[in-house]
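Note: the block below is final.cif and it holds mmCIF, C-alpha atoms.
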```cif
data_data
#
loop_
_atom_site.label_atom_id
_atom_site.label_comp_id
_atom_site.auth_asym_id
_atom_site.auth_seq_id
_atom_site.Cartn_x
_atom_site.Cartn_y
_atom_site.Cartn_z
CA MET A 21 77.11 75.70 104.91
CA SER A 22 77.14 74.07 101.52
CA ARG A 23 78.88 75.65 98.59
CA LYS A 24 75.51 76.16 96.90
CA THR A 25 74.14 78.06 99.89
CA ILE A 26 77.18 80.31 99.96
CA VAL A 27 76.85 81.06 96.27
CA GLY A 28 73.13 81.73 96.79
CA ALA A 29 73.81 84.01 99.73
CA LEU A 30 76.42 85.92 97.73
CA ALA A 31 73.98 86.30 94.85
CA VAL A 32 71.33 87.75 97.18
CA LEU A 33 73.94 90.05 98.73
CA GLY A 34 74.94 91.16 95.23
CA VAL A 35 71.35 92.09 94.39
CA VAL A 36 70.92 93.98 97.66
CA VAL A 37 74.21 95.86 97.26
CA SER A 38 73.62 96.77 93.64
CA ALA A 39 70.15 98.05 94.54
CA LEU A 40 71.70 100.82 96.65
CA PRO A 41 71.94 104.13 94.83
CA ALA A 42 75.31 104.89 93.28
CA ASN A 43 75.61 108.04 95.38
CA ALA A 44 75.95 105.97 98.55
CA HIS A 45 79.56 105.57 97.45
CA HIS A 46 80.93 106.53 100.86
CA ALA A 47 79.22 107.36 104.12
CA PHE A 48 78.70 110.92 105.30
CA SER A 49 80.44 110.12 108.56
CA ALA A 50 83.59 108.92 106.75
CA GLU A 51 84.52 112.48 105.84
CA PHE A 52 82.17 114.94 107.52
CA ASP A 53 81.40 115.96 111.09
CA ALA A 54 77.74 116.04 112.21
CA ALA A 55 78.82 118.13 115.22
CA GLN A 56 80.03 120.99 113.05
CA PRO A 57 77.10 122.46 111.12
CA ILE A 58 77.93 125.34 108.80
CA LYS A 59 75.96 127.71 106.59
CA VAL A 60 77.74 129.92 104.07
CA LYS A 61 76.87 132.16 101.16
CA GLY A 62 79.29 132.27 98.24
CA ILE A 63 79.95 132.76 94.55
CA VAL A 64 80.51 129.68 92.38
CA THR A 65 84.07 129.35 91.00
CA LYS A 66 83.85 125.73 89.76
CA PHE A 67 81.22 123.01 89.60
CA GLU A 68 82.38 119.45 89.00
CA LEU A 69 79.48 117.28 87.93
CA VAL A 70 81.43 114.04 88.49
CA ASN A 71 80.49 110.54 89.60
CA PRO A 72 80.25 109.33 92.30
CA HIS A 73 80.14 112.73 94.06
CA SER A 74 79.87 116.17 92.55
CA TRP A 75 81.81 119.06 94.07
CA LEU A 76 81.01 122.75 94.14
CA TYR A 77 83.74 125.29 94.81
CA ILE A 78 82.80 128.77 96.01
CA ASP A 79 84.44 132.02 97.10
CA VAL A 80 83.12 133.05 100.49
CA THR A 81 83.48 136.66 101.64
CA GLY A 82 83.72 136.75 105.44
CA PRO A 83 82.31 139.50 107.73
CA ASP A 84 85.81 141.04 107.70
CA GLY A 85 85.78 141.22 103.90
CA LYS A 86 88.36 138.45 103.50
CA VAL A 87 87.64 135.97 100.68
CA THR A 88 88.22 132.27 101.34
CA GLN A 89 87.76 129.31 99.01
CA TRP A 90 85.43 126.49 100.04
CA GLY A 91 84.61 123.13 98.49
CA PHE A 92 81.33 121.31 99.13
CA GLU A 93 80.41 117.76 98.29
CA PHE A 94 77.16 117.34 96.38
CA GLY A 95 75.30 114.19 95.34
CA ALA A 96 75.81 112.24 92.10
CA PRO A 97 75.17 114.09 88.80
CA PHE A 98 72.06 112.09 87.94
CA GLY A 99 70.42 112.74 91.33
CA LEU A 100 71.11 116.45 90.96
CA LYS A 101 69.74 116.50 87.42
CA GLU A 102 66.50 114.96 88.67
CA LYS A 103 66.20 117.93 91.02
CA GLY A 104 66.87 120.37 88.19
CA ILE A 105 70.53 121.12 88.84
CA THR A 106 72.83 121.09 85.82
CA LYS A 107 76.10 122.82 84.93
CA LYS A 108 74.10 125.81 83.72
CA THR A 109 72.21 126.15 87.04
CA LEU A 110 75.46 126.66 88.91
CA ALA A 111 77.54 128.48 86.32
CA VAL A 112 80.69 130.31 87.45
CA GLY A 113 79.68 133.59 89.14
CA THR A 114 76.33 132.31 90.43
CA GLU A 115 75.36 133.06 94.04
CA ILE A 116 74.46 130.16 96.33
CA THR A 117 73.82 129.59 100.04
CA ILE A 118 74.82 126.19 101.39
CA ASN A 119 73.57 124.62 104.61
CA GLY A 120 75.68 121.65 105.63
CA TYR A 121 78.46 120.27 107.77
CA LYS A 122 82.22 120.79 107.90
CA ALA A 123 84.80 118.18 106.94
CA LYS A 124 86.51 116.22 109.70
CA ASN A 125 89.93 117.35 108.46
CA ASP A 126 88.93 120.90 109.51
CA GLN A 127 89.95 122.40 106.17
CA ASN A 128 87.63 124.52 104.06
CA PHE A 129 85.57 121.58 102.87
CA GLY A 130 82.07 120.56 103.73
CA TYR A 131 79.00 118.57 102.84
CA ALA A 132 76.05 120.40 101.27
CA VAL A 133 72.84 118.99 102.77
CA GLU A 134 70.69 121.61 101.06
CA SER A 135 71.38 124.65 98.96
CA THR A 136 69.45 127.81 98.24
CA LEU A 137 69.92 129.05 94.70
CA ALA A 138 69.92 132.65 93.51
CA ASP A 139 66.29 132.27 92.33
CA GLY A 140 65.18 131.34 95.86
CA ARG A 141 64.74 127.59 95.31
CA THR A 142 66.02 125.43 98.18
CA ILE A 143 67.14 122.00 96.99
CA LYS A 144 68.48 118.91 98.75
CA THR A 145 71.95 118.69 97.22
CA GLY A 146 73.52 115.95 99.33
CA GLY A 147 73.20 112.29 98.45
CA ALA A 148 74.48 110.36 101.49
CA GLN A 149 71.99 108.11 103.27
CA ASP A 150 73.39 108.80 106.73
CA ALA A 151 73.69 112.59 106.48
CA PRO A 152 71.92 114.49 109.26
CA ALA A 153 69.15 116.97 108.46
CA PRO A 154 70.25 120.54 107.87
CA ALA A 155 70.67 122.47 111.11
CA ALA A 156 68.66 125.67 111.65
CA GLN A 157 71.40 128.26 111.77
CA PRO A 158 72.31 131.70 110.51
CA ALA A 159 74.88 132.00 107.73
CA ILE A 160 78.41 132.90 108.85
CA ASN A 161 78.33 135.69 106.27
CA LYS A 162 75.73 137.69 104.40
CA MET B 28 135.79 59.42 38.08
CA ASN B 29 137.03 61.52 40.98
CA THR B 30 138.94 64.22 39.22
CA LEU B 31 136.97 67.21 38.00
CA ASP B 32 137.31 68.43 34.43
CA LEU B 33 136.89 72.14 34.76
CA ASN B 34 136.55 72.62 31.02
CA THR B 35 133.65 70.18 30.77
CA LEU B 36 131.94 71.75 33.77
CA GLN B 37 132.22 75.22 32.41
CA ARG B 38 130.95 74.13 29.04
CA HIS B 39 127.93 72.48 30.55
CA ARG B 40 126.95 75.27 33.04
CA PRO B 41 124.89 77.45 30.67
CA ALA B 42 122.62 74.55 29.75
CA LYS B 43 122.18 73.45 33.37
CA PHE B 44 121.49 77.02 34.46
CA LYS B 45 118.85 77.40 31.81
CA LYS B 46 117.08 74.28 33.02
CA THR B 47 117.11 75.38 36.66
CA ALA B 48 115.92 78.85 35.72
CA SER B 49 112.97 77.56 33.74
CA ALA B 50 112.03 75.23 36.60
CA LEU B 51 112.12 78.14 39.04
CA LEU B 52 110.03 80.31 36.73
CA LEU B 53 107.45 77.57 36.41
CA LEU B 54 107.34 77.17 40.19
CA LEU B 55 106.92 80.92 40.62
CA ALA B 56 104.10 80.97 38.10
CA VAL B 57 102.30 78.17 39.92
CA PHE B 58 102.69 79.99 43.26
CA THR B 59 101.49 83.27 41.82
CA PHE B 60 98.51 81.63 40.21
CA SER B 61 97.49 79.80 43.38
CA PHE B 62 97.89 82.99 45.43
CA MET B 63 95.72 84.93 42.98
CA THR B 64 92.93 82.38 42.98
CA THR B 65 92.69 81.27 46.65
CA GLY B 66 94.02 84.49 48.20
CA ALA B 67 91.51 86.79 46.60
CA GLU B 68 88.60 84.65 47.64
CA ALA B 69 89.25 83.69 51.25
CA HIS B 70 92.52 84.95 52.71
CA ASP B 71 93.25 88.32 51.19
CA SER B 72 95.63 89.76 53.76
CA THR B 73 94.79 93.26 52.62
CA LYS B 74 91.04 92.96 53.16
CA ILE B 75 89.92 94.66 56.39
CA PRO B 76 86.89 93.41 58.38
CA ARG B 77 83.69 95.31 57.69
CA LEU B 78 80.23 95.61 59.21
CA ALA B 79 77.14 94.73 57.21
CA ASN B 80 76.80 98.44 56.34
CA GLY B 81 80.27 98.40 54.74
CA LYS B 82 82.03 100.45 57.43
CA PRO B 83 85.32 99.12 58.85
CA ASP B 84 84.75 96.84 61.85
CA PHE B 85 87.28 97.48 64.62
CA SER B 86 85.89 94.69 66.83
CA GLY B 87 88.67 92.75 68.53
CA ILE B 88 91.24 92.98 71.28
CA TRP B 89 93.96 95.59 70.73
CA GLN B 90 97.14 96.81 72.40
CA THR B 91 100.06 99.07 71.66
CA THR B 92 103.67 97.98 71.99
CA SER B 93 104.88 101.55 72.48
CA ALA B 94 106.28 102.97 75.72
CA ALA B 95 103.88 105.93 75.38
CA ASP B 96 102.20 105.47 78.75
CA TYR B 97 105.53 105.84 80.57
CA ASP B 98 105.97 109.27 78.97
CA LEU B 99 104.35 110.72 75.86
CA GLU B 100 107.45 112.80 75.17
CA PRO B 101 110.84 111.36 74.11
CA HIS B 102 112.62 110.11 77.23
CA SER B 103 115.69 108.12 78.23
CA ASN B 104 115.41 105.24 80.65
CA ARG B 105 114.90 105.86 84.34
CA LYS B 106 114.31 103.67 87.37
CA ASP B 107 110.58 103.42 86.75
CA ALA B 108 110.43 103.52 82.95
CA PRO B 109 112.02 102.07 79.83
CA PRO B 110 113.28 104.57 77.24
CA GLY B 111 110.94 105.64 74.45
CA PRO B 112 110.94 107.90 71.40
CA GLY B 113 107.61 109.42 72.46
CA ILE B 114 104.49 109.67 70.36
CA VAL B 115 104.04 113.44 70.26
CA GLU B 116 104.33 114.98 66.82
CA GLY B 117 107.26 117.40 67.03
CA GLY B 118 108.48 115.80 70.28
CA GLU B 119 107.28 118.24 72.92
CA ILE B 120 103.87 119.03 74.38
CA PRO B 121 103.22 122.80 74.06
CA TYR B 122 102.43 123.62 77.70
CA LEU B 123 101.47 127.09 78.89
CA PRO B 124 104.13 128.31 81.40
CA LYS B 125 101.91 127.84 84.46
CA ALA B 126 100.84 124.37 83.32
CA LEU B 127 104.47 123.36 82.68
CA ALA B 128 105.24 124.08 86.33
CA GLN B 129 102.34 121.80 87.33
CA ARG B 130 103.57 119.09 84.96
CA LYS B 131 107.03 119.22 86.61
CA LYS B 132 105.40 118.94 90.02
CA ASN B 133 103.36 115.97 88.80
CA PHE B 134 106.53 114.32 87.47
CA GLU B 135 108.27 114.65 90.84
CA ASN B 136 105.27 113.13 92.63
CA ARG B 137 104.40 110.55 89.99
CA ALA B 138 105.05 107.59 92.31
CA THR B 139 102.07 108.61 94.45
CA ASP B 140 99.95 111.03 92.41
CA ASP B 141 99.35 109.13 89.16
CA PRO B 142 95.57 108.50 89.19
CA ALA B 143 96.13 105.11 87.52
CA LEU B 144 98.09 103.96 90.58
CA LYS B 145 94.93 104.57 92.61
CA GLY B 146 92.99 102.41 90.17
CA TYR B 147 91.12 105.36 88.66
CA THR B 148 89.64 105.24 85.18
CA LEU B 149 92.44 105.97 82.69
CA GLY B 150 90.60 108.57 80.62
CA VAL B 151 90.98 109.44 76.95
CA PRO B 152 93.31 108.99 75.13
CA ARG B 153 95.37 107.21 77.84
CA ALA B 154 93.17 104.09 77.82
CA VAL B 155 94.21 103.55 74.18
CA TYR B 156 98.00 103.39 74.74
CA TYR B 157 98.04 102.11 78.34
CA PRO B 158 100.11 98.89 78.19
CA GLU B 159 97.19 96.53 78.71
CA PRO B 160 94.73 95.19 76.14
CA PHE B 161 91.34 96.75 75.44
CA GLN B 162 88.42 95.28 73.54
CA ILE B 163 86.15 96.90 70.98
CA PHE B 164 82.61 95.72 70.30
CA GLN B 165 81.12 97.46 67.30
CA ARG B 166 77.73 97.80 65.65
CA ALA B 167 76.40 100.34 63.19
CA ARG B 168 75.21 102.80 65.81
CA ASP B 169 78.20 102.73 68.21
CA LEU B 170 81.51 101.27 69.35
CA THR B 171 81.94 100.03 72.91
CA VAL B 172 85.52 100.28 74.12
CA ILE B 173 86.43 98.29 77.23
CA PRO B 174 89.92 98.64 78.67
CA GLN B 175 91.18 95.71 80.72
CA PHE B 176 92.48 98.15 83.35
CA GLY B 177 89.92 99.71 85.66
CA HIS B 178 86.20 99.42 85.53
CA SER B 179 85.19 101.55 82.60
CA VAL B 180 83.13 101.31 79.45
CA ARG B 181 83.47 103.97 76.77
CA THR B 182 80.77 104.40 74.15
CA ILE B 183 81.66 106.07 70.86
CA HIS B 184 78.39 107.00 69.17
CA THR B 185 78.24 106.65 65.38
CA ASN B 186 74.53 107.44 64.96
CA ASN B 187 74.96 111.08 63.88
CA THR B 188 74.03 112.44 67.30
CA GLU B 189 75.55 115.56 68.83
CA HIS B 190 77.14 116.12 72.25
CA PRO B 191 74.51 116.62 74.98
CA GLU B 192 73.49 120.18 75.80
CA ASP B 193 73.68 119.62 79.55
CA PRO B 194 76.87 117.60 80.00
CA ASN B 195 78.45 116.15 83.13
CA ASP B 196 82.21 116.17 83.63
CA TRP B 197 82.68 112.56 82.58
CA TRP B 198 85.79 110.49 83.32
CA LEU B 199 85.82 109.34 79.68
CA GLY B 200 84.18 112.40 78.16
CA ASP B 201 81.40 112.19 75.60
CA SER B 202 82.38 110.67 72.24
CA ARG B 203 80.54 111.33 68.95
CA ALA B 204 82.01 110.00 65.71
CA LYS B 205 81.64 110.29 61.96
CA TRP B 206 83.17 108.32 59.12
CA ASP B 207 85.70 109.96 56.79
CA GLY B 208 85.93 107.22 54.17
CA ASP B 209 87.36 104.26 56.08
CA THR B 210 88.63 106.45 58.93
CA LEU B 211 86.57 106.80 62.11
CA VAL B 212 86.81 110.42 63.31
CA VAL B 213 85.81 110.81 66.97
CA ASP B 214 85.14 114.08 68.77
CA ALA B 215 85.47 113.61 72.55
CA LYS B 216 84.89 116.34 75.15
CA HIS B 217 83.17 117.11 78.50
CA PHE B 218 85.92 115.48 80.57
CA ASN B 219 86.81 116.08 84.21
CA ASP B 220 90.35 117.06 85.24
CA LYS B 221 91.05 114.02 87.41
CA THR B 222 92.93 111.86 84.90
CA TRP B 223 96.49 112.11 83.59
CA LEU B 224 97.73 111.51 80.04
CA ASP B 225 100.58 109.22 81.15
CA ARG B 226 102.39 108.10 84.27
CA SER B 227 105.02 110.86 83.99
CA GLY B 228 102.55 113.57 84.98
CA ASN B 229 101.40 114.96 81.64
CA PHE B 230 97.92 116.27 82.35
CA HIS B 231 94.91 118.24 81.12
CA SER B 232 92.02 120.29 82.48
CA ASP B 233 88.27 119.75 82.13
CA ALA B 234 88.45 121.86 78.95
CA LEU B 235 90.20 119.00 77.11
CA GLN B 236 88.96 118.08 73.66
CA VAL B 237 90.32 115.04 71.83
CA VAL B 238 89.75 114.45 68.13
CA GLU B 239 90.72 110.88 67.27
CA ARG B 240 91.29 109.21 63.92
CA TRP B 241 91.07 105.39 63.86
CA LYS B 242 92.21 103.73 60.63
CA TYR B 243 93.12 100.19 59.56
CA LEU B 244 96.65 99.82 58.14
CA ASP B 245 95.96 96.11 57.55
CA PRO B 246 93.42 93.67 59.05
CA ASN B 247 95.46 93.30 62.25
CA THR B 248 96.84 96.81 62.69
CA ILE B 249 95.14 100.10 63.53
CA GLU B 250 96.76 103.49 63.19
CA TYR B 251 95.47 105.71 66.01
CA LYS B 252 95.99 109.44 65.79
CA ALA B 253 94.64 112.11 68.11
CA THR B 254 94.69 115.89 68.35
CA LEU B 255 94.53 117.30 71.89
CA THR B 256 93.21 120.80 72.55
CA ASP B 257 92.98 122.43 75.98
CA GLU B 258 93.24 126.20 76.18
CA GLN B 259 93.78 126.13 79.93
CA VAL B 260 96.85 123.89 79.71
CA PHE B 261 98.33 123.95 76.18
CA SER B 262 99.36 126.93 74.02
CA LYS B 263 98.16 125.16 70.85
CA PRO B 264 96.63 121.85 69.75
CA TRP B 265 99.10 118.95 69.47
CA ASN B 266 99.07 115.50 67.93
CA ILE B 267 99.93 111.97 68.94
CA SER B 268 100.12 108.77 66.90
CA VAL B 269 100.39 105.12 67.94
CA ILE B 270 100.01 101.76 66.26
CA LEU B 271 97.64 99.22 67.79
CA HIS B 272 98.09 95.48 67.24
CA ARG B 273 95.36 92.88 67.26
CA HIS B 274 95.75 90.11 69.84
CA ARG B 275 95.66 86.82 67.90
CA GLU B 276 96.80 84.44 70.63
CA LYS B 277 94.53 81.39 70.94
CA ASN B 278 91.72 81.98 73.46
CA PHE B 279 93.02 85.44 74.33
CA GLN B 280 90.62 87.41 76.50
CA LEU B 281 90.48 90.38 78.86
CA ILE B 282 90.97 89.58 82.54
CA GLU B 283 89.43 92.06 84.98
CA ASP B 284 91.99 94.37 86.53
CA TYR B 285 90.27 96.40 89.24
CA ARG B 286 93.14 97.78 91.31
CA TYR B 287 91.04 99.73 93.78
CA THR B 288 89.50 96.54 95.17
CA LEU B 289 92.83 94.89 96.01
CA ASP B 290 93.04 96.38 99.52
CA TYR B 291 89.68 94.84 100.35
CA ASP B 292 90.32 91.39 98.87
CA GLN B 293 91.37 90.05 102.27
CA PHE B 294 87.78 90.57 103.51
CA TYR B 295 86.08 88.80 100.59
CA PRO B 296 84.55 86.32 100.56
CA PRO B 297 83.72 86.87 104.26
CA LYS B 298 85.16 84.21 106.52
CA PRO B 299 82.68 84.02 109.44
CA ASP B 300 84.50 81.09 111.09
CA GLN B 301 87.79 82.93 111.42
CA LYS B 302 87.78 85.40 114.28
#
```

Let me see whether you can do it: turn the structure in this file into structure tokens.
Amino acid sequence: MSRKTIVGALAVLGVVVSALPANAHHAFSAEFDAAQPIKVKGIVTKFELVNPHSWLYIDVTGPDGKVTQWGFEFGAPFGLKEKGITKKTLAVGTEITINGYKAKNDQNFGYAVESTLADGRTIKTGGAQDAPAPAAQPAINK
Amino acid sequence: MNTLDLNTLQRHRPAKFKKTASALLLLLAVFTFSFMTTGAEAHDSTKIPRLANGKPDFSGIWQTTSAADYDLEPHSNRKDAPPGPGIVEGGEIPYLPKALAQRKKNFENRATDDPALKGYTLGVPRAVYYPEPFQIFQRARDLTVIPQFGHSVRTIHTNNTEHPEDPNDWWLGDSRAKWDGDTLVVDAKHFNDKTWLDRSGNFHSDALQVVERWKYLDPNTIEYKATLTDEQVFSKPWNISVILHRHREKNFQLIEDYRYTLDYDQFYPPKPDQK
């Protein structure tokens, strides 16, 4: 392969790679487990609208009344804004139900495929290309 | 005649001295005159660069010589840092008790936890006194600040716009500036809490607000001052001050320094022939 061809191939590759959305920063399967669907309802304690992935932290009250802290990965800020989610939408104290998948490290982290807001809207909040569809499942708490 | 006549010498000294003195005075006058005429026109060392609109033009490549990034507070030398007098006004950062405990924890784990070691964006104000050059491109409506370290571009808006109503938690915050005479006053906020202020573990929360003052001391020196406010971490606002020097080396330029790609360099460019 001539040097010119290599440079040309790299240029094409560059265009293809840069055309991918910024929120494809890492794959779903790198951190999350498609075999462990989870649905939880919680109260927002912190919402980080940060590139390349936003994170939402919530307090989840279990059936036994015990409160645990959970963190869920959301898509990139711009993608969320296009769907109408800003800092104000998920202010501290807001109720939210998240349907997603648990983290592979088995800690209280997960990936939010879609979220149902307090006003009843259900929005796709994940940004990964390879994330599975939300599983039909009851919430672990109510 | 080899022998010296002291009397003659002494008698003659006043006259000789007078002659030398007048020659020196004349020389001085010539120098002063030439400095006044050519200096004022082309090479006035006190004249700072300005944009077409008359505002100071900070365009150029800048860097501090201070040891601020090792530790903002006064510190003696240690295995991973040279000593430094610190750049905090009053010496100490006024931490809230809980935050001070976190800072101590950060210090102990600095060899692994410093976000800069992971190649993260440095944040504000750390990108200003990090010991690598940064470049400023300036036009009337904004300044673009590009640190050599990391892959970040900071825009400081000077078009009389306000902070956005629906902000993100930006790595470099949102910067809006106004001119106070020849001083650029920048208000930066809407940060995230993922950057540190130095490599010794001084930190902030996402409630950080930085008010910066950029001022020319002479055409090749900027005085940078900043006031840091963060009610979740500090008991009161505090100030820092550093001097920035213009790089004047021939052909000096920024060289990309993306640390987070280094682990992957072995795979690029791909080598299909090597199995």

Exercise for the section: Give as a ChimeraX atom specification every residue of chain B that touches chain A within 10 Å, counting all atoms listed in the file. Expected result: /B:192-198,218-221,233,296-297

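Closest approach to His46 (chain A) among A:Ile116, A:Ala96, A:Leu76, A:Ala111 is made by A:Ala96 (distances from only C-alpha atoms).
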
If you apply the PyMOL selection byres ((chain A and resi 143-153) around 6) to this file, what residues do you get, as an mmCIF file with C-alpha atoms, in the frame of the given file?
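Listing of result_18.cif after writing:
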```cif
data_model
loop_
_atom_site.group_PDB
_atom_site.id
_atom_site.type_symbol
_atom_site.label_atom_id
_atom_site.label_comp_id
_atom_site.auth_asym_id
_atom_site.auth_seq_id
_atom_site.Cartn_x
_atom_site.Cartn_y
_atom_site.Cartn_z
ATOM 1 C CA ASN A 43 75.610 108.040 95.380
ATOM 2 C CA ALA A 44 75.950 105.970 98.550
ATOM 3 C CA PHE A 48 78.700 110.920 105.300
ATOM 4 C CA PHE A 94 77.160 117.340 96.380
ATOM 5 C CA GLY A 95 75.300 114.190 95.340
ATOM 6 C CA ALA A 132 76.050 120.400 101.270
ATOM 7 C CA VAL A 133 72.840 118.990 102.770
ATOM 8 C CA GLU A 134 70.690 121.610 101.060
ATOM 9 C CA SER A 135 71.380 124.650 98.960
ATOM 10 C CA THR A 142 66.020 125.430 98.180
ATOM 11 C CA PRO A 154 70.250 120.540 107.870
#
```

Exercise for the section: May I have the protein, DNA and RNA residues with any atom at most 6 Å from the point (80.5, 129.8, 96.9), counting only C-alpha atoms, written as a PyMOL selection string? Expected result: chain A and resi 62-64+77-80

Practice task
Given the file shown, enumerate the residues that the PyMOL selection byres ((chain B and resi 111-121) around 6) captures and present them as JSON, numbers by chain.
Solution key: {"B": [94, 95, 99, 100, 101, 102, 110, 122, 261, 262, 266, 267, 268]}

Exercise for the section: Would you write out, as a PyMOL selection string, every residue that the PyMOL selection byres ((chain A and resi 119) around 9) captures in this file? Expected result: chain A and resi 57-61+117-118+120-121+131-136+154-157+159

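Remark: for Leu137 (chain A), the closest of the candidate residues A:Pro158, A:Trp90, A:Glu115, A:Ala123 is A:Glu115 (distances computed over all atoms listed in the file).
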
Practice task
Kindly give the distance, in Å, that separates CA of Pro83 (chain A) and CA of Lys162 (chain A), rounded to a single decimal.
Solution key: 7.6 Å

Exercise for the section: Neighbourhood query: residues within 6 Å of (87.3, 115.6, 71.4), file coordinates, counting all atoms listed in the file; return as a list of chain:residue names. Expected result: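 Every polymer residue passing the test: B:Asp214, B:Ala215, B:Lys216, B:Gln236, B:Val237, B:Val238.
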
Problem - Non-local contacts of Tyr287 (chain B) (8 Å; all atoms listed in the file; under 4 positions in same chain excluded) as a PyMOL selection string - result: chain B and resi 145-147

I need region 77-90 of chain B written out with N, CA and C atoms, as a tab-separated table (two decimals), in the first residue's frame; please produce it.
```
chain	number	residue	atom	x	y	z
B	77	ARG	N	-2.68	46.38	21.42
B	77	ARG	CA	-4.12	46.67	21.51
B	77	ARG	C	-4.85	46.19	20.26
B	78	LEU	N	-6.13	45.86	20.44
B	78	LEU	CA	-6.99	45.52	19.31
B	78	LEU	C	-7.39	46.80	18.59
B	79	ALA	N	-8.03	46.66	17.44
B	79	ALA	CA	-8.46	47.83	16.69
B	79	ALA	C	-9.44	48.68	17.50
B	80	ASN	N	-10.18	48.04	18.42
B	80	ASN	CA	-11.14	48.80	19.23
B	80	ASN	C	-10.50	49.45	20.46
B	81	GLY	N	-9.15	49.34	20.56
B	81	GLY	CA	-8.44	50.02	21.64
B	81	GLY	C	-8.25	49.20	22.90
B	82	LYS	N	-8.93	48.04	22.98
B	82	LYS	CA	-8.80	47.21	24.19
B	82	LYS	C	-7.46	46.46	24.15
B	83	PRO	N	-6.88	46.17	25.32
B	83	PRO	CA	-5.62	45.42	25.35
B	83	PRO	C	-5.78	44.08	24.63
B	84	ASP	N	-4.75	43.70	23.88
B	84	ASP	CA	-4.77	42.45	23.12
B	84	ASP	C	-3.83	41.45	23.78
B	85	PHE	N	-4.42	40.43	24.41
B	85	PHE	CA	-3.61	39.44	25.14
B	85	PHE	C	-3.16	38.29	24.25
B	86	SER	N	-3.35	38.40	22.94
B	86	SER	CA	-2.94	37.33	22.03
B	86	SER	C	-1.47	37.00	22.23
B	87	GLY	N	-1.15	35.71	22.20
B	87	GLY	CA	0.24	35.30	22.38
B	87	GLY	C	0.31	34.00	23.15
B	88	ILE	N	1.52	33.55	23.39
B	88	ILE	CA	1.71	32.31	24.14
B	88	ILE	C	2.31	32.65	25.49
B	89	TRP	N	1.67	32.18	26.57
B	89	TRP	CA	1.98	32.62	27.92
B	89	TRP	C	2.28	31.43	28.83
B	90	GLN	N	3.03	31.71	29.90
B	90	GLN	CA	3.32	30.65	30.87
B	90	GLN	C	3.83	31.28	32.16
```
